[in-house]
$ cat data-v4.cif   # mmCIF, N, CA and C atoms
data_entry
#
loop_
_atom_site.label_atom_id
_atom_site.label_comp_id
_atom_site.auth_asym_id
_atom_site.auth_seq_id
_atom_site.Cartn_x
_atom_site.Cartn_y
_atom_site.Cartn_z
N MET A 25 -3.48 -57.96 -2.76
CA MET A 25 -3.64 -56.60 -2.33
C MET A 25 -2.88 -55.69 -3.29
N GLN A 26 -3.55 -54.65 -3.78
CA GLN A 26 -2.92 -53.73 -4.71
C GLN A 26 -2.22 -52.60 -3.95
N PRO A 27 -1.09 -52.16 -4.48
CA PRO A 27 -0.40 -51.04 -3.81
C PRO A 27 -1.22 -49.76 -3.93
N GLN A 28 -1.18 -48.95 -2.90
CA GLN A 28 -1.91 -47.70 -2.91
C GLN A 28 -1.15 -46.66 -3.71
N LYS A 29 -1.89 -45.86 -4.44
CA LYS A 29 -1.28 -44.78 -5.20
C LYS A 29 -1.13 -43.57 -4.29
N LEU A 30 0.03 -42.98 -4.34
CA LEU A 30 0.27 -41.78 -3.55
C LEU A 30 -0.24 -40.56 -4.30
N ASP A 31 -0.79 -39.62 -3.56
CA ASP A 31 -1.25 -38.37 -4.15
C ASP A 31 -0.04 -37.47 -4.36
N THR A 32 0.35 -37.29 -5.62
CA THR A 32 1.54 -36.50 -5.92
C THR A 32 1.22 -35.03 -6.16
N SER A 33 -0.04 -34.66 -6.11
CA SER A 33 -0.37 -33.25 -6.31
C SER A 33 0.00 -32.45 -5.07
N VAL A 34 0.58 -31.31 -5.31
CA VAL A 34 1.02 -30.44 -4.23
C VAL A 34 0.23 -29.15 -4.29
N THR A 35 -0.31 -28.75 -3.17
CA THR A 35 -1.06 -27.51 -3.11
C THR A 35 -0.13 -26.40 -2.68
N GLN A 36 -0.05 -25.36 -3.50
CA GLN A 36 0.78 -24.22 -3.16
C GLN A 36 -0.12 -23.10 -2.67
N CYS A 37 0.34 -22.42 -1.67
CA CYS A 37 -0.42 -21.31 -1.09
C CYS A 37 0.34 -20.01 -1.29
N THR A 38 -0.42 -18.94 -1.38
CA THR A 38 0.19 -17.62 -1.47
C THR A 38 0.77 -17.26 -0.11
N LEU A 39 2.03 -16.86 -0.08
CA LEU A 39 2.70 -16.50 1.16
C LEU A 39 2.60 -15.01 1.44
N VAL A 40 2.59 -14.20 0.38
CA VAL A 40 2.59 -12.74 0.53
C VAL A 40 1.53 -12.15 -0.38
N LEU A 41 0.76 -11.21 0.16
CA LEU A 41 -0.22 -10.47 -0.63
C LEU A 41 0.12 -8.99 -0.55
N VAL A 42 0.32 -8.38 -1.71
CA VAL A 42 0.62 -6.95 -1.79
C VAL A 42 -0.55 -6.29 -2.51
N LEU A 43 -1.24 -5.38 -1.83
CA LEU A 43 -2.35 -4.65 -2.43
C LEU A 43 -1.89 -3.24 -2.74
N SER A 44 -2.27 -2.78 -3.91
CA SER A 44 -1.88 -1.45 -4.34
C SER A 44 -3.10 -0.76 -4.95
N PRO A 45 -3.21 0.57 -4.81
CA PRO A 45 -4.41 1.26 -5.27
C PRO A 45 -4.53 1.42 -6.79
N THR A 46 -3.41 1.38 -7.52
CA THR A 46 -3.49 1.61 -8.97
C THR A 46 -2.84 0.48 -9.75
N ARG A 47 -3.30 0.32 -10.97
CA ARG A 47 -2.79 -0.71 -11.87
C ARG A 47 -1.32 -0.45 -12.21
N GLU A 48 -0.97 0.81 -12.41
CA GLU A 48 0.41 1.16 -12.77
C GLU A 48 1.37 0.79 -11.65
N LEU A 49 0.98 1.08 -10.41
CA LEU A 49 1.82 0.74 -9.27
C LEU A 49 1.93 -0.78 -9.10
N VAL A 50 0.86 -1.50 -9.36
CA VAL A 50 0.88 -2.96 -9.30
C VAL A 50 1.89 -3.52 -10.30
N CYS A 51 1.89 -2.96 -11.50
CA CYS A 51 2.84 -3.43 -12.52
C CYS A 51 4.28 -3.15 -12.11
N GLN A 52 4.52 -1.98 -11.52
CA GLN A 52 5.88 -1.66 -11.07
C GLN A 52 6.32 -2.58 -9.93
N ILE A 53 5.43 -2.84 -8.98
CA ILE A 53 5.77 -3.72 -7.86
C ILE A 53 6.01 -5.14 -8.37
N TYR A 54 5.20 -5.59 -9.31
CA TYR A 54 5.36 -6.93 -9.88
C TYR A 54 6.71 -7.05 -10.61
N ASP A 55 7.07 -6.02 -11.37
CA ASP A 55 8.35 -6.06 -12.08
C ASP A 55 9.52 -6.15 -11.10
N GLU A 56 9.46 -5.38 -10.03
CA GLU A 56 10.53 -5.42 -9.03
C GLU A 56 10.55 -6.76 -8.29
N SER A 57 9.38 -7.30 -7.97
CA SER A 57 9.34 -8.59 -7.28
C SER A 57 9.86 -9.70 -8.18
N SER A 58 9.63 -9.59 -9.48
CA SER A 58 10.17 -10.59 -10.42
C SER A 58 11.69 -10.55 -10.43
N LYS A 59 12.26 -9.35 -10.31
CA LYS A 59 13.72 -9.23 -10.25
C LYS A 59 14.27 -9.89 -8.99
N PHE A 60 13.60 -9.68 -7.86
CA PHE A 60 14.07 -10.27 -6.60
C PHE A 60 13.88 -11.79 -6.59
N ALA A 61 12.86 -12.28 -7.27
CA ALA A 61 12.57 -13.72 -7.26
C ALA A 61 13.33 -14.49 -8.34
N TYR A 62 14.08 -13.79 -9.17
CA TYR A 62 14.83 -14.43 -10.24
C TYR A 62 15.78 -15.49 -9.69
N ARG A 63 15.76 -16.66 -10.28
CA ARG A 63 16.59 -17.80 -9.89
C ARG A 63 16.30 -18.30 -8.48
N SER A 64 15.08 -18.12 -8.03
CA SER A 64 14.66 -18.68 -6.75
C SER A 64 13.42 -19.53 -7.01
N HIS A 65 12.92 -20.13 -5.98
CA HIS A 65 11.72 -20.95 -6.12
C HIS A 65 10.45 -20.14 -5.89
N LEU A 66 10.59 -18.85 -5.62
CA LEU A 66 9.42 -18.00 -5.42
C LEU A 66 8.83 -17.60 -6.76
N ARG A 67 7.51 -17.62 -6.82
CA ARG A 67 6.83 -17.27 -8.07
C ARG A 67 5.87 -16.12 -7.82
N PRO A 68 6.18 -14.93 -8.34
CA PRO A 68 5.25 -13.81 -8.19
C PRO A 68 4.16 -13.86 -9.27
N CYS A 69 2.99 -13.36 -8.93
CA CYS A 69 1.88 -13.25 -9.87
C CYS A 69 1.24 -11.88 -9.71
N VAL A 70 0.55 -11.46 -10.75
CA VAL A 70 -0.11 -10.15 -10.71
C VAL A 70 -1.57 -10.32 -11.13
N VAL A 71 -2.47 -9.61 -10.43
CA VAL A 71 -3.89 -9.63 -10.75
C VAL A 71 -4.43 -8.21 -10.63
N TYR A 72 -5.05 -7.73 -11.72
CA TYR A 72 -5.66 -6.41 -11.69
C TYR A 72 -6.78 -6.35 -12.72
N GLY A 73 -7.64 -5.38 -12.56
CA GLY A 73 -8.76 -5.22 -13.47
C GLY A 73 -8.31 -4.69 -14.82
N GLY A 74 -9.06 -5.02 -15.85
CA GLY A 74 -8.75 -4.56 -17.19
C GLY A 74 -7.88 -5.52 -17.97
N ALA A 75 -7.37 -6.55 -17.34
CA ALA A 75 -6.56 -7.57 -18.02
C ALA A 75 -7.42 -8.80 -18.26
N GLU A 76 -6.92 -9.68 -19.08
CA GLU A 76 -7.65 -10.91 -19.42
C GLU A 76 -7.79 -11.80 -18.19
N PRO A 77 -9.02 -12.01 -17.67
CA PRO A 77 -9.18 -12.81 -16.45
C PRO A 77 -8.80 -14.28 -16.61
N ILE A 78 -9.00 -14.83 -17.80
CA ILE A 78 -8.66 -16.25 -18.02
C ILE A 78 -7.15 -16.45 -17.85
N GLN A 79 -6.37 -15.55 -18.43
CA GLN A 79 -4.91 -15.66 -18.33
C GLN A 79 -4.45 -15.49 -16.89
N GLN A 80 -5.07 -14.58 -16.17
CA GLN A 80 -4.70 -14.37 -14.77
C GLN A 80 -5.02 -15.61 -13.94
N MET A 81 -6.14 -16.24 -14.19
CA MET A 81 -6.50 -17.46 -13.46
C MET A 81 -5.53 -18.60 -13.79
N LYS A 82 -5.11 -18.70 -15.04
CA LYS A 82 -4.13 -19.74 -15.41
C LYS A 82 -2.81 -19.53 -14.68
N ASN A 83 -2.38 -18.26 -14.58
CA ASN A 83 -1.14 -17.96 -13.85
C ASN A 83 -1.27 -18.34 -12.38
N LEU A 84 -2.43 -18.07 -11.79
CA LEU A 84 -2.63 -18.42 -10.38
C LEU A 84 -2.69 -19.93 -10.19
N ASP A 85 -3.26 -20.64 -11.16
CA ASP A 85 -3.35 -22.10 -11.06
C ASP A 85 -1.97 -22.76 -11.09
N ARG A 86 -1.00 -22.12 -11.72
CA ARG A 86 0.35 -22.67 -11.79
C ARG A 86 1.10 -22.51 -10.47
N GLY A 87 0.52 -21.76 -9.55
CA GLY A 87 1.15 -21.55 -8.25
C GLY A 87 1.64 -20.13 -8.11
N CYS A 88 1.46 -19.59 -6.94
CA CYS A 88 1.83 -18.20 -6.70
C CYS A 88 2.24 -18.05 -5.24
N HIS A 89 3.46 -17.59 -5.03
CA HIS A 89 3.94 -17.35 -3.67
C HIS A 89 3.75 -15.90 -3.27
N LEU A 90 3.88 -14.98 -4.23
CA LEU A 90 3.76 -13.56 -3.96
C LEU A 90 2.73 -12.99 -4.93
N LEU A 91 1.61 -12.57 -4.41
CA LEU A 91 0.52 -12.05 -5.24
C LEU A 91 0.45 -10.54 -5.10
N VAL A 92 0.57 -9.86 -6.23
CA VAL A 92 0.47 -8.39 -6.29
C VAL A 92 -0.84 -8.09 -6.99
N ALA A 93 -1.72 -7.31 -6.33
CA ALA A 93 -3.06 -7.10 -6.88
C ALA A 93 -3.63 -5.74 -6.51
N THR A 94 -4.68 -5.37 -7.23
CA THR A 94 -5.47 -4.20 -6.85
C THR A 94 -6.73 -4.71 -6.14
N PRO A 95 -7.29 -3.91 -5.23
CA PRO A 95 -8.50 -4.37 -4.52
C PRO A 95 -9.71 -4.41 -5.44
#

$ encode --input "data-v4.cif" --output "structure tokens"
Amino acid sequence: MQPQKLDTSVTQCTLVLVLSPTRELVCQIYDESSKFAYRSHLRPCVVYGGAEPIQQMKNLDRGCHLLVATP
């Protein structure tokens, strides 16, 4: 009998979603959230229109606890 392999992949979920009406405000909120999350296990991410979508998807794939975005 062969030993079973354990699934070591961990699924991370977004805990907080912050929606803002403008891109500039999203950037300001993201900068402040990054300051608060410094040296913690929380990972903020930002998503807004006009930025490179591939890069934003890569950032989300790495895990995101606090998502700051425009609708």

$ closest_residue --input "data-v4.cif" --among "A:Val42, A:Gln36, A:Val92, A:Arg47" --to "Val70 in chain A" --atoms "only C-alpha atoms"
A:Val92

$ resolve_selection --input "data-v4.cif" --expression "the PyMOL selection byres ((chain A and resi 52-69) around 6)" --output "number ranges by chain"
A: 48-51, 70-71, 87-92

$ write_last_selection --input "data-v4.cif" --atoms "N, CA and C atoms" --output "PDB file, in the coordinates of the input"
ATOM      1  N   GLU A  48      -0.970   0.810 -12.410  1.00  0.00           N
ATOM      2  CA  GLU A  48       0.410   1.160 -12.770  1.00  0.00           C
ATOM      3  C   GLU A  48       1.370   0.790 -11.650  1.00  0.00           C
ATOM      4  N   LEU A  49       0.980   1.080 -10.410  1.00  0.00           N
ATOM      5  CA  LEU A  49       1.820   0.740  -9.270  1.00  0.00           C
ATOM      6  C   LEU A  49       1.930  -0.780  -9.100  1.00  0.00           C
ATOM      7  N   VAL A  50       0.860  -1.500  -9.360  1.00  0.00           N
ATOM      8  CA  VAL A  50       0.880  -2.960  -9.300  1.00  0.00           C
ATOM      9  C   VAL A  50       1.890  -3.520 -10.300  1.00  0.00           C
ATOM     10  N   CYS A  51       1.890  -2.960 -11.500  1.00  0.00           N
ATOM     11  CA  CYS A  51       2.840  -3.430 -12.520  1.00  0.00           C
ATOM     12  C   CYS A  51       4.280  -3.150 -12.110  1.00  0.00           C
ATOM     13  N   VAL A  70       0.550 -11.460 -10.750  1.00  0.00           N
ATOM     14  CA  VAL A  70      -0.110 -10.150 -10.710  1.00  0.00           C
ATOM     15  C   VAL A  70      -1.570 -10.320 -11.130  1.00  0.00           C
ATOM     16  N   VAL A  71      -2.470  -9.610 -10.430  1.00  0.00           N
ATOM     17  CA  VAL A  71      -3.890  -9.630 -10.750  1.00  0.00           C
ATOM     18  C   VAL A  71      -4.430  -8.210 -10.630  1.00  0.00           C
ATOM     19  N   GLY A  87       0.520 -21.760  -9.550  1.00  0.00           N
ATOM     20  CA  GLY A  87       1.150 -21.550  -8.250  1.00  0.00           C
ATOM     21  C   GLY A  87       1.640 -20.130  -8.110  1.00  0.00           C
ATOM     22  N   CYS A  88       1.460 -19.590  -6.940  1.00  0.00           N
ATOM     23  CA  CYS A  88       1.830 -18.200  -6.700  1.00  0.00           C
ATOM     24  C   CYS A  88       2.240 -18.050  -5.240  1.00  0.00           C
ATOM     25  N   HIS A  89       3.460 -17.590  -5.030  1.00  0.00           N
ATOM     26  CA  HIS A  89       3.940 -17.350  -3.670  1.00  0.00           C
ATOM     27  C   HIS A  89       3.750 -15.900  -3.270  1.00  0.00           C
ATOM     28  N   LEU A  90       3.880 -14.980  -4.230  1.00  0.00           N
ATOM     29  CA  LEU A  90       3.760 -13.560  -3.960  1.00  0.00           C
ATOM     30  C   LEU A  90       2.730 -12.990  -4.930  1.00  0.00           C
ATOM     31  N   LEU A  91       1.610 -12.570  -4.410  1.00  0.00           N
ATOM     32  CA  LEU A  91       0.520 -12.050  -5.240  1.00  0.00           C
ATOM     33  C   LEU A  91       0.450 -10.540  -5.100  1.00  0.00           C
ATOM     34  N   VAL A  92       0.570  -9.860  -6.230  1.00  0.00           N
ATOM     35  CA  VAL A  92       0.470  -8.390  -6.290  1.00  0.00           C
ATOM     36  C   VAL A  92      -0.840  -8.090  -6.990  1.00  0.00           C
TER      37      VAL A  92
END

$ select_by_dssp --input "data-v4.cif" --residues "range 25-94 of chain A" --states "strand (DSSP E or B)" --output "VMD selection string"
chain A and resid 40 to 43 68 to 71 90 to 93

$ select_by_dssp --input "data-v4.cif" --residues "chain A" --states "helix (DSSP H, G or I)" --output "short mmCIF file (atom, residue, chain, number, x, y, z; two decimals) with N, CA and C atoms, keeping the file's coordinate frame"
data_model
loop_
_atom_site.label_atom_id
_atom_site.label_comp_id
_atom_site.auth_asym_id
_atom_site.auth_seq_id
_atom_site.Cartn_x
_atom_site.Cartn_y
_atom_site.Cartn_z
N ARG A 47 -3.30 0.32 -10.97
CA ARG A 47 -2.79 -0.71 -11.87
C ARG A 47 -1.32 -0.45 -12.21
N GLU A 48 -0.97 0.81 -12.41
CA GLU A 48 0.41 1.16 -12.77
C GLU A 48 1.37 0.79 -11.65
N LEU A 49 0.98 1.08 -10.41
CA LEU A 49 1.82 0.74 -9.27
C LEU A 49 1.93 -0.78 -9.10
N VAL A 50 0.86 -1.50 -9.36
CA VAL A 50 0.88 -2.96 -9.30
C VAL A 50 1.89 -3.52 -10.30
N CYS A 51 1.89 -2.96 -11.50
CA CYS A 51 2.84 -3.43 -12.52
C CYS A 51 4.28 -3.15 -12.11
N GLN A 52 4.52 -1.98 -11.52
CA GLN A 52 5.88 -1.66 -11.07
C GLN A 52 6.32 -2.58 -9.93
N ILE A 53 5.43 -2.84 -8.98
CA ILE A 53 5.77 -3.72 -7.86
C ILE A 53 6.01 -5.14 -8.37
N TYR A 54 5.20 -5.59 -9.31
CA TYR A 54 5.36 -6.93 -9.88
C TYR A 54 6.71 -7.05 -10.61
N ASP A 55 7.07 -6.02 -11.37
CA ASP A 55 8.35 -6.06 -12.08
C ASP A 55 9.52 -6.15 -11.10
N GLU A 56 9.46 -5.38 -10.03
CA GLU A 56 10.53 -5.42 -9.03
C GLU A 56 10.55 -6.76 -8.29
N SER A 57 9.38 -7.30 -7.97
CA SER A 57 9.34 -8.59 -7.28
C SER A 57 9.86 -9.70 -8.18
N SER A 58 9.63 -9.59 -9.48
CA SER A 58 10.17 -10.59 -10.42
C SER A 58 11.69 -10.55 -10.43
N LYS A 59 12.26 -9.35 -10.31
CA LYS A 59 13.72 -9.23 -10.25
C LYS A 59 14.27 -9.89 -8.99
N PHE A 60 13.60 -9.68 -7.86
CA PHE A 60 14.07 -10.27 -6.60
C PHE A 60 13.88 -11.79 -6.59
N ALA A 61 12.86 -12.28 -7.27
CA ALA A 61 12.57 -13.72 -7.26
C ALA A 61 13.33 -14.49 -8.34
N PRO A 77 -9.02 -12.01 -17.67
CA PRO A 77 -9.18 -12.81 -16.45
C PRO A 77 -8.80 -14.28 -16.61
N ILE A 78 -9.00 -14.83 -17.80
CA ILE A 78 -8.66 -16.25 -18.02
C ILE A 78 -7.15 -16.45 -17.85
N GLN A 79 -6.37 -15.55 -18.43
CA GLN A 79 -4.91 -15.66 -18.33
C GLN A 79 -4.45 -15.49 -16.89
N GLN A 80 -5.07 -14.58 -16.17
CA GLN A 80 -4.70 -14.37 -14.77
C GLN A 80 -5.02 -15.61 -13.94
N MET A 81 -6.14 -16.24 -14.19
CA MET A 81 -6.50 -17.46 -13.46
C MET A 81 -5.53 -18.60 -13.79
N LYS A 82 -5.11 -18.70 -15.04
CA LYS A 82 -4.13 -19.74 -15.41
C LYS A 82 -2.81 -19.53 -14.68
N ASN A 83 -2.38 -18.26 -14.58
CA ASN A 83 -1.14 -17.96 -13.85
C ASN A 83 -1.27 -18.34 -12.38
N LEU A 84 -2.43 -18.07 -11.79
CA LEU A 84 -2.63 -18.42 -10.38
C LEU A 84 -2.69 -19.93 -10.19
N ASP A 85 -3.26 -20.64 -11.16
CA ASP A 85 -3.35 -22.10 -11.06
C ASP A 85 -1.97 -22.76 -11.09
#

$ atom_distance --input "data-v4.cif" --atom1 "atom N of Pro45 in chain A" --atom2 "atom C of Pro95 in chain A"
8.2 Å

$ atom_distance --input "data-v4.cif" --atom1 "atom C of Leu43 in chain A" --atom2 "CA of Ala93 in chain A"
5.8 Å

$ atom_distance --input "data-v4.cif" --atom1 "CA of Thr46 in chain A" --atom2 "atom N of Gly73 in chain A"
8.9 Å

$ axis_aligned_box --input "data-v4.cif" --around "range 83-88 of chain A" --padding-each-side "8 Å" --output "lines of an AutoDock Vina configuration file"
center_x = -0.6
center_y = -20.4
center_z = -9.9
size_x = 21.6
size_y = 20.8
size_z = 25.3
